[in-house]
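Undergrad: First the structure, then my questions, so here it is.
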Amino acid sequence: MSESEISRRGVLSSALWAGIGGVAVGAATGGGAAWAMAASTPPSDDQIDLSRSYPFYGQNHQGGVATEPQRNAVYMTFRFADSADRHALQSLLARWSAAAAVLQQGKPIGSVQPGVEVQPPTDTGEAFGLSPASLTITVGLGPSVFGPRFGLASKKPALFSELPTLNGDFLDPRLTGGDLSVQACADDPQVCYHAVRNLARLGRSIVSPHWAVLGFGRASAGPGQSTPRNLLGFKDGTRNISSPADYDRFVWIKGGDQPWLEGGTYQVARKIRQLLETWDSDRVGNQQQIIGRHKESGAPLTGSAEFDTPDFGAKSGAGDPVIDPLSHVALAAHENNGGIMIRRRSYNYTDGLDPTGQLNAGLLFISYQNDPRHFIDIQNRLGAHDLLNEYIRHIGSAIFAVPPAPEEGHYLAQGLF
Ligand code: HEM
C-alpha cells in the first residue's frame, strides 16, 4: 500500500468518524467492503495528518527524539572540508538552524524558480506544494568538533568521545563516523529527502555527505501509537522510554559539565544489516526464542498480551527458563542491566539487493541517551551473547552530541561560540 493510500485511508476514516456519510465516501473511492470495515473500526494512530507541523525554536529539546515517530527518515552524516574553520562551523549551524525552522513549516528555503533565469534555484523544489508532514530535523555534533581544529576542546563534554570497538562490530569505514549528523523524519519520504538534500546543499563548501540511510516504516512507537514491526516481523518498541520521568532520567542531559549541552542528549546511530533469507527460513519457535517474545502478539514468552511484563525468572515444567537468558530482550531489558534504559527510535531500511542477489536490508538503529555508556554497555552484552547475532551484522556506526533546540533569534549550539 502506498503512502498516499495510507494517508487517504486515514483521512477518509476520520471523515467517517466525523459523521460524513458512508455513501459519499463509497462513491468517492469506488466503495467496497474495505471502506465499510473502516466505518466500523475506531480510528487508529495509522491516520496521518500531513498538515501537522512542529516548531523548531523554543522547544527546549530538538524534535525527532521524543517526537511521536514519523513514518520515514533520512539520516546523513557529514565530514568537514579541509578548509572548514571555527567561523565556517558557526555560520553553518546558524544557516542550518534558520533553514530547519522554515523546512519544518513545510516551506521552501528560498526561491524554487528565481525571477532571473540564469540563477540556479535556492530551493531544489521537490517538496514544493507538499505539506509539512510532521517534519523534524535533528542535528548532531560529532566528537571531532572538539578536536584542535575549531579551538573548542574546552567545550567537550567529559562523557563524549568516539565509540570504542564494541562486541558484534563488523563496521565498514564507509558507513562509520561523521563530524555532523542530520536526522530528518516525516510522514512523507520526499519531505525528509528534500530537507536533508537542501541542508547538504547549504553546507557544501563546509561539509560533504559521508554516509546516509533512507529509513521507512518506523520501528518504534510514541505515546498512543501502536507498536510497529521491524523487518524480522516482530513488534519493535514495546518496552521503550515514553514517560517524561524516564526521559528526564535517561535521555535529557541535566547538570552535565557543559552548559551549552543542557537539555540535549547523545545520539547513537547503527546501521544493522539483517540476514533476511536466513531469518526467513528459521522456524517460528526458534525466532520467538531468539527475541523472547511471541511473533504475532508481541507478548513476552511468559505472558499473553503485548504489554505484559516479562518474567525473566519463570521456569518451564522441565525447569528451563521460559525466556532464554540469551534472548534479545533478556539481555537488553533494564531488569538485567542495572536499571538502565535507552530511547530507541529506529527505522527499517533497504538498499535493494547485494552483489550476490540477497536482500540488502536491516535496521537503522538510533538511540538517545544522556550517557553514551548506557548504549555501550547494552550493546557489549548483546554483541557477546545475543542469539540474534546469527542473523544481524552491525555494519555502520556513529555517535553525536545533540544540543537543545535554540530559542527564536538564536541558532543550534550557539553556546559553543
Ligand atoms: C537488527 C537489530 C535489532 C532488532 C531486530 C531488534 C529487535 C527488538 C525487538 C523485536 C524487541 C522486543 C520489543 C520491544 O520491547 O521493543 C527489542 C527490544 C529491545 N531492544 Fe532490540 N533490536 C535490535 C537491536 C538492538 C540494539 C543494537 C540495542 C541496543 C544496544 C537494542 C536494545 C533493545 C532494548 C533495550 C529492548 C527492550 C528490552 C526490554 O526492556 O524488554 N536492540 N528489540
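Letters A, B, ... go to the chains of the C-alpha cells in the order shown; residues in each chain start at 1; ligands are counted from 1 in the same order.
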I'd like the neighbourhood of Leu363 in chain A as a list in words, where a residue qualifies if any of its atoms comes within 7 Å (using only C-alpha atoms), though same-chain residues fewer than 5 positions away should be ignored.
TA: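 Skipping anything fewer than 5 positions along the chain leaves Lys271, Ile272, Arg273, Ser346, Tyr347, Asn348 and Tyr349 of chain A.
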Undergrad: Assign secondary structure with DSSP using the backbone only, and return the residues of range 73-289 of chain A in strand (DSSP E) as a ChimeraX atom specification.
TA: /A:73-80,136-141,180-186,207-218,265-274
Undergrad: At what distance in Å, to one decimal, does atom 22 (N, counted along the ligand's line) of ligand 1 lie from CA of Trp279 in chain A?
TA: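 For CA of Trp279 in chain A relative to atom 22 (N, counted along the ligand's line) of ligand 1, the distance reads 13.9 Å.
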Undergrad: Select the residues contacting ligand 1 at a distance of at most 6 Å, based on only C-alpha atoms and all ligand atoms, then format the selection as a list in words.
TA: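 Residues satisfying the distance criterion: Phe234, Lys235, Asp236, Gly237, Thr238, Arg239, Ile272, Gln274, Ile291, Val329, Ala332, Ala333, His334, Leu363, Phe375, Ile378, Gln379 and Ile392 of chain A.
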Undergrad: Take the residues that were just selected and, keeping N, CA, C and O atoms, output them as a PDB file, in the first residue's frame.
TA:
```pdb
ATOM      1  N   PHE A 234       8.705  -8.827  13.876  1.00  0.00           N
ATOM      2  CA  PHE A 234       8.350  -8.696  15.297  1.00  0.00           C
ATOM      3  C   PHE A 234       8.026  -7.250  15.636  1.00  0.00           C
ATOM      4  O   PHE A 234       8.611  -6.317  15.060  1.00  0.00           O
ATOM      5  N   LYS A 235       7.116  -7.077  16.592  1.00  0.00           N
ATOM      6  CA  LYS A 235       6.834  -5.737  17.095  1.00  0.00           C
ATOM      7  C   LYS A 235       8.105  -5.187  17.734  1.00  0.00           C
ATOM      8  O   LYS A 235       8.769  -5.900  18.487  1.00  0.00           O
ATOM      9  N   ASP A 236       8.414  -3.932  17.427  1.00  0.00           N
ATOM     10  CA  ASP A 236       9.646  -3.322  17.938  1.00  0.00           C
ATOM     11  C   ASP A 236       9.297  -1.988  18.587  1.00  0.00           C
ATOM     12  O   ASP A 236       8.705  -1.124  17.940  1.00  0.00           O
ATOM     13  N   GLY A 237       9.649  -1.858  19.842  1.00  0.00           N
ATOM     14  CA  GLY A 237       9.370  -0.618  20.562  1.00  0.00           C
ATOM     15  C   GLY A 237       8.345  -0.812  21.673  1.00  0.00           C
ATOM     16  O   GLY A 237       7.857   0.163  22.240  1.00  0.00           O
ATOM     17  N   THR A 238       8.033  -2.063  21.997  1.00  0.00           N
ATOM     18  CA  THR A 238       7.035  -2.323  23.049  1.00  0.00           C
ATOM     19  C   THR A 238       7.508  -1.742  24.381  1.00  0.00           C
ATOM     20  O   THR A 238       6.778  -1.018  25.049  1.00  0.00           O
ATOM     21  N   ARG A 239       8.720  -2.093  24.749  1.00  0.00           N
ATOM     22  CA  ARG A 239       9.254  -1.553  26.009  1.00  0.00           C
ATOM     23  C   ARG A 239      10.314  -0.525  25.630  1.00  0.00           C
ATOM     24  O   ARG A 239      11.434  -0.864  25.243  1.00  0.00           O
ATOM     25  N   ILE A 272      22.357  -1.653  10.899  1.00  0.00           N
ATOM     26  CA  ILE A 272      22.437  -3.084  11.228  1.00  0.00           C
ATOM     27  C   ILE A 272      21.784  -3.878  10.105  1.00  0.00           C
ATOM     28  O   ILE A 272      20.575  -3.816   9.901  1.00  0.00           O
ATOM     29  N   GLN A 274      20.266  -7.032   8.354  1.00  0.00           N
ATOM     30  CA  GLN A 274      19.602  -8.264   8.788  1.00  0.00           C
ATOM     31  C   GLN A 274      19.732  -9.290   7.676  1.00  0.00           C
ATOM     32  O   GLN A 274      19.469  -8.972   6.508  1.00  0.00           O
ATOM     33  N   ILE A 291      14.089 -13.802  20.122  1.00  0.00           N
ATOM     34  CA  ILE A 291      13.655 -12.471  20.567  1.00  0.00           C
ATOM     35  C   ILE A 291      13.187 -12.517  22.020  1.00  0.00           C
ATOM     36  O   ILE A 291      13.404 -11.573  22.783  1.00  0.00           O
ATOM     37  N   VAL A 329      15.613  -9.836  24.290  1.00  0.00           N
ATOM     38  CA  VAL A 329      15.016  -8.995  25.337  1.00  0.00           C
ATOM     39  C   VAL A 329      15.602  -9.296  26.713  1.00  0.00           C
ATOM     40  O   VAL A 329      15.749  -8.384  27.529  1.00  0.00           O
ATOM     41  N   ALA A 332      18.754  -7.311  26.891  1.00  0.00           N
ATOM     42  CA  ALA A 332      18.623  -5.851  26.751  1.00  0.00           C
ATOM     43  C   ALA A 332      17.770  -5.212  27.842  1.00  0.00           C
ATOM     44  O   ALA A 332      17.854  -4.004  28.070  1.00  0.00           O
ATOM     45  N   ALA A 333      16.943  -6.005  28.523  1.00  0.00           N
ATOM     46  CA  ALA A 333      15.963  -5.436  29.460  1.00  0.00           C
ATOM     47  C   ALA A 333      16.635  -4.725  30.633  1.00  0.00           C
ATOM     48  O   ALA A 333      17.671  -5.169  31.135  1.00  0.00           O
ATOM     49  N   HIS A 334      16.007  -3.663  31.094  1.00  0.00           N
ATOM     50  CA  HIS A 334      16.584  -2.883  32.194  1.00  0.00           C
ATOM     51  C   HIS A 334      16.694  -3.708  33.480  1.00  0.00           C
ATOM     52  O   HIS A 334      17.612  -3.499  34.276  1.00  0.00           O
ATOM     53  N   LEU A 363      18.037  -2.653   9.913  1.00  0.00           N
ATOM     54  CA  LEU A 363      17.501  -1.680  10.858  1.00  0.00           C
ATOM     55  C   LEU A 363      18.471  -0.517  10.984  1.00  0.00           C
ATOM     56  O   LEU A 363      19.655  -0.722  11.243  1.00  0.00           O
ATOM     57  N   PHE A 375      24.383   2.963  26.134  1.00  0.00           N
ATOM     58  CA  PHE A 375      24.326   2.199  24.878  1.00  0.00           C
ATOM     59  C   PHE A 375      25.463   1.183  24.831  1.00  0.00           C
ATOM     60  O   PHE A 375      25.265   0.008  24.485  1.00  0.00           O
ATOM     61  N   ILE A 378      24.923  -1.949  26.978  1.00  0.00           N
ATOM     62  CA  ILE A 378      23.891  -2.872  26.460  1.00  0.00           C
ATOM     63  C   ILE A 378      24.418  -3.561  25.201  1.00  0.00           C
ATOM     64  O   ILE A 378      24.300  -4.778  25.033  1.00  0.00           O
ATOM     65  N   GLN A 379      25.024  -2.788  24.289  1.00  0.00           N
ATOM     66  CA  GLN A 379      25.498  -3.396  23.046  1.00  0.00           C
ATOM     67  C   GLN A 379      26.606  -4.410  23.312  1.00  0.00           C
ATOM     68  O   GLN A 379      26.667  -5.449  22.646  1.00  0.00           O
ATOM     69  N   ILE A 392      22.192 -10.890  12.268  1.00  0.00           N
ATOM     70  CA  ILE A 392      22.404  -9.445  12.068  1.00  0.00           C
ATOM     71  C   ILE A 392      23.903  -9.130  11.991  1.00  0.00           C
ATOM     72  O   ILE A 392      24.737  -9.897  12.486  1.00  0.00           O
TER      73      ILE A 392
END
```
Undergrad: At a cut-off of 10 Å, using only C-alpha atoms, what residues contact Val139 in chain A? Leave out same-chain residues fewer than 2 positions from it and give the result as a ChimeraX atom specification.
TA: /A:62-64,76-77,93,96-97,100,136-137,141,180-184,267,400-405,412-413
Undergrad: Report as an mmCIF file with C-alpha atoms, in the first residue's frame all protein, DNA and RNA residues lying within 12 Å of Ala330 in chain A, evaluated on only C-alpha atoms, omitting residues in the same chain fewer than 2 positions from it.
TA:
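Output file out.cif is given in full below:
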```cif
data_model
loop_
_atom_site.group_PDB
_atom_site.id
_atom_site.type_symbol
_atom_site.label_atom_id
_atom_site.label_comp_id
_atom_site.auth_asym_id
_atom_site.auth_seq_id
_atom_site.Cartn_x
_atom_site.Cartn_y
_atom_site.Cartn_z
ATOM 1 C CA GLN A 289 13.114 -17.949 21.445
ATOM 2 C CA ILE A 290 15.704 -15.605 19.931
ATOM 3 C CA ILE A 291 13.655 -12.471 20.567
ATOM 4 C CA GLY A 292 11.971 -13.699 23.786
ATOM 5 C CA ARG A 293 8.522 -12.673 22.559
ATOM 6 C CA PRO A 300 6.699 -11.872 26.216
ATOM 7 C CA LEU A 301 7.036 -15.661 26.201
ATOM 8 C CA THR A 302 5.885 -15.579 29.830
ATOM 9 C CA THR A 309 5.841 -7.569 31.988
ATOM 10 C CA PRO A 310 8.331 -10.300 31.085
ATOM 11 C CA ASP A 311 9.104 -12.684 33.922
ATOM 12 C CA PHE A 312 12.767 -13.480 33.458
ATOM 13 C CA GLY A 313 12.748 -15.874 36.408
ATOM 14 C CA ALA A 314 9.880 -18.069 35.153
ATOM 15 C CA PRO A 321 13.857 -20.588 31.776
ATOM 16 C CA VAL A 322 10.796 -19.706 29.662
ATOM 17 C CA ILE A 323 12.582 -16.651 28.302
ATOM 18 C CA ASP A 324 16.035 -17.768 27.198
ATOM 19 C CA PRO A 325 18.656 -15.753 29.142
ATOM 20 C CA LEU A 326 20.489 -15.264 25.814
ATOM 21 C CA SER A 327 17.382 -13.955 24.032
ATOM 22 C CA HIS A 328 17.458 -10.376 22.777
ATOM 23 C CA ALA A 332 18.623 -5.851 26.751
ATOM 24 C CA ALA A 333 15.963 -5.436 29.460
ATOM 25 C CA HIS A 334 16.584 -2.883 32.194
ATOM 26 C CA GLU A 335 15.846 -5.528 34.859
ATOM 27 C CA ASN A 336 19.032 -7.291 33.773
ATOM 28 C CA ASN A 337 21.097 -4.158 33.090
ATOM 29 C CA ILE A 378 23.891 -2.872 26.460
ATOM 30 C CA ARG A 381 26.187 -7.613 26.273
ATOM 31 C CA LEU A 382 24.129 -8.095 23.110
ATOM 32 C CA HIS A 385 25.714 -13.208 23.759
ATOM 33 C CA ASP A 386 22.555 -12.306 21.813
ATOM 34 C CA LEU A 387 21.018 -15.277 19.946
ATOM 35 C CA LEU A 388 20.024 -12.697 17.332
#
```
Undergrad: Could you check how far CA of Arg197 in chain A sits from CA of Thr124 in chain A, in Å to one decimal?
TA: 8.2 Å
Undergrad: Which residues are near range 151-163 of chain A? Cut-off 10 Å, only C-alpha atoms, ignore same chain within fewer than 5 positions. Put them as a PyMOL selection string.
TA: chain A and resi 85-86+142-146+177-178+256-261+266+268+370-373+375-376+397-401+415-417
Undergrad: When distances are computed from only C-alpha atoms, which of A:Pro355, A:Gly217, A:Gly339, A:Gly147 shows the smallest separation from Asp246 in chain A?
TA: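 Closest candidate: A:Gly339.
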Undergrad: Considering only C-alpha atoms, state which residue in the set A:Gln90, A:Thr356, A:Ser51, A:Ser367 is at the smallest distance from Val251 in chain A.
TA: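 That would be A:Ser367, the residue with the smallest distance to Val251 in chain A.
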Undergrad: Taking into account only C-alpha atoms, which residue in the set A:Ala127, A:Ile342, A:Ile206, A:Val213 is nearest to Arg95 in chain A?
TA: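 For Arg95 in chain A, the nearest of the given residues is A:Ile206.
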Undergrad: Would you give me, as an NGL selection string, the residues in range 86-227 of chain A that DSSP reads as alpha helix (DSSP H)?
TA: :A and (86-104 or 189-202)
Undergrad: Using N, CA and C atoms, can you write the selected residues to a file as an mmCIF file, in the first residue's frame?
TA:
```
data_model
loop_
_atom_site.group_PDB
_atom_site.id
_atom_site.type_symbol
_atom_site.label_atom_id
_atom_site.label_comp_id
_atom_site.auth_asym_id
_atom_site.auth_seq_id
_atom_site.Cartn_x
_atom_site.Cartn_y
_atom_site.Cartn_z
ATOM 1 N N ARG A 86 36.569 27.475 12.465
ATOM 2 C CA ARG A 86 35.573 27.736 13.511
ATOM 3 C C ARG A 86 34.447 28.638 13.003
ATOM 4 N N HIS A 87 34.828 29.669 12.260
ATOM 5 C CA HIS A 87 33.812 30.597 11.770
ATOM 6 C C HIS A 87 32.871 29.887 10.789
ATOM 7 N N ALA A 88 33.448 29.019 9.964
ATOM 8 C CA ALA A 88 32.612 28.286 8.994
ATOM 9 C C ALA A 88 31.619 27.382 9.725
ATOM 10 N N LEU A 89 32.079 26.712 10.781
ATOM 11 C CA LEU A 89 31.179 25.835 11.542
ATOM 12 C C LEU A 89 30.048 26.650 12.164
ATOM 13 N N GLN A 90 30.430 27.789 12.732
ATOM 14 C CA GLN A 90 29.433 28.655 13.374
ATOM 15 C C GLN A 90 28.388 29.103 12.348
ATOM 16 N N SER A 91 28.875 29.525 11.187
ATOM 17 C CA SER A 91 27.922 30.032 10.188
ATOM 18 C C SER A 91 27.065 28.892 9.623
ATOM 19 N N LEU A 92 27.640 27.677 9.528
ATOM 20 C CA LEU A 92 26.838 26.536 9.059
ATOM 21 C C LEU A 92 25.706 26.229 10.044
ATOM 22 N N LEU A 93 26.033 26.216 11.335
ATOM 23 C CA LEU A 93 24.993 25.899 12.332
ATOM 24 C C LEU A 93 23.900 26.973 12.325
ATOM 25 N N ALA A 94 24.297 28.215 12.083
ATOM 26 C CA ALA A 94 23.295 29.295 12.014
ATOM 27 C C ALA A 94 22.417 29.123 10.775
ATOM 28 N N ARG A 95 23.055 28.784 9.653
ATOM 29 C CA ARG A 95 22.262 28.618 8.418
ATOM 30 C C ARG A 95 21.366 27.393 8.493
ATOM 31 N N TRP A 96 21.875 26.314 9.040
ATOM 32 C CA TRP A 96 21.048 25.103 9.178
ATOM 33 C C TRP A 96 19.864 25.365 10.118
ATOM 34 N N SER A 97 20.106 26.139 11.174
ATOM 35 C CA SER A 97 19.002 26.413 12.109
ATOM 36 C C SER A 97 17.903 27.194 11.400
ATOM 37 N N ALA A 98 18.286 28.249 10.704
ATOM 38 C CA ALA A 98 17.280 29.073 10.017
ATOM 39 C C ALA A 98 16.539 28.234 8.982
ATOM 40 N N ALA A 99 17.275 27.397 8.254
ATOM 41 C CA ALA A 99 16.639 26.577 7.218
ATOM 42 C C ALA A 99 15.723 25.529 7.849
ATOM 43 N N ALA A 100 16.165 24.906 8.940
ATOM 44 C CA ALA A 100 15.345 23.859 9.582
ATOM 45 C C ALA A 100 14.014 24.448 10.038
ATOM 46 N N ALA A 101 14.065 25.675 10.573
ATOM 47 C CA ALA A 101 12.824 26.298 11.062
ATOM 48 C C ALA A 101 11.830 26.484 9.927
ATOM 49 N N VAL A 102 12.320 26.855 8.761
ATOM 50 C CA VAL A 102 11.440 27.078 7.607
ATOM 51 C C VAL A 102 10.950 25.736 7.052
ATOM 52 N N LEU A 103 11.866 24.780 6.934
ATOM 53 C CA LEU A 103 11.503 23.466 6.370
ATOM 54 C C LEU A 103 10.440 22.785 7.231
ATOM 55 N N GLN A 104 10.585 22.895 8.551
ATOM 56 C CA GLN A 104 9.602 22.223 9.424
ATOM 57 C C GLN A 104 8.206 22.824 9.265
ATOM 58 N N PRO A 189 8.157 10.586 2.639
ATOM 59 C CA PRO A 189 9.594 10.365 2.403
ATOM 60 C C PRO A 189 10.238 11.483 1.586
ATOM 61 N N GLN A 190 9.464 12.080 0.701
ATOM 62 C CA GLN A 190 10.041 13.142 -0.139
ATOM 63 C C GLN A 190 10.347 14.403 0.672
ATOM 64 N N VAL A 191 9.549 14.605 1.736
ATOM 65 C CA VAL A 191 9.794 15.749 2.618
ATOM 66 C C VAL A 191 11.105 15.539 3.384
ATOM 67 N N CYS A 192 11.342 14.312 3.837
ATOM 68 C CA CYS A 192 12.617 14.006 4.526
ATOM 69 C C CYS A 192 13.790 14.226 3.574
ATOM 70 N N TYR A 193 13.660 13.678 2.395
ATOM 71 C CA TYR A 193 14.763 13.724 1.438
ATOM 72 C C TYR A 193 15.092 15.166 1.067
ATOM 73 N N HIS A 194 14.034 15.915 0.823
ATOM 74 C CA HIS A 194 14.208 17.320 0.451
ATOM 75 C C HIS A 194 14.951 18.079 1.553
ATOM 76 N N ALA A 195 14.576 17.815 2.801
ATOM 77 C CA ALA A 195 15.193 18.542 3.917
ATOM 78 C C ALA A 195 16.692 18.263 3.970
ATOM 79 N N VAL A 196 17.058 16.996 3.905
ATOM 80 C CA VAL A 196 18.480 16.657 4.034
ATOM 81 C C VAL A 196 19.252 17.137 2.806
ATOM 82 N N ARG A 197 18.668 16.965 1.657
ATOM 83 C CA ARG A 197 19.338 17.401 0.424
ATOM 84 C C ARG A 197 19.625 18.906 0.462
ATOM 85 N N ASN A 198 18.658 19.669 0.947
ATOM 86 C CA ASN A 198 18.851 21.122 0.945
ATOM 87 C C ASN A 198 19.801 21.575 2.044
ATOM 88 N N LEU A 199 19.821 20.871 3.163
ATOM 89 C CA LEU A 199 20.808 21.216 4.190
ATOM 90 C C LEU A 199 22.215 20.878 3.681
ATOM 91 N N ALA A 200 22.337 19.737 2.995
ATOM 92 C CA ALA A 200 23.642 19.362 2.432
ATOM 93 C C ALA A 200 24.084 20.426 1.423
ATOM 94 N N ARG A 201 23.154 20.898 0.659
ATOM 95 C CA ARG A 201 23.471 21.890 -0.374
ATOM 96 C C ARG A 201 23.900 23.214 0.264
ATOM 97 N N LEU A 202 23.179 23.587 1.319
ATOM 98 C CA LEU A 202 23.533 24.837 2.016
ATOM 99 C C LEU A 202 24.941 24.783 2.599
#
```
Undergrad: So which one's closest to Leu275 in chain A, A:Gly317, A:Gly115, A:Gly362, A:Gly224? Using only C-alpha atoms, please.
TA: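 Once distances to Leu275 in chain A are computed over only C-alpha atoms, the minimum belongs to A:Gly362.
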Undergrad: If you count only C-alpha atoms, which residues fall within 12 Å of Pro120 in chain A, apart from same-chain ones fewer than 6 positions away, as a PyMOL selection string?
TA: chain A and resi 110-114
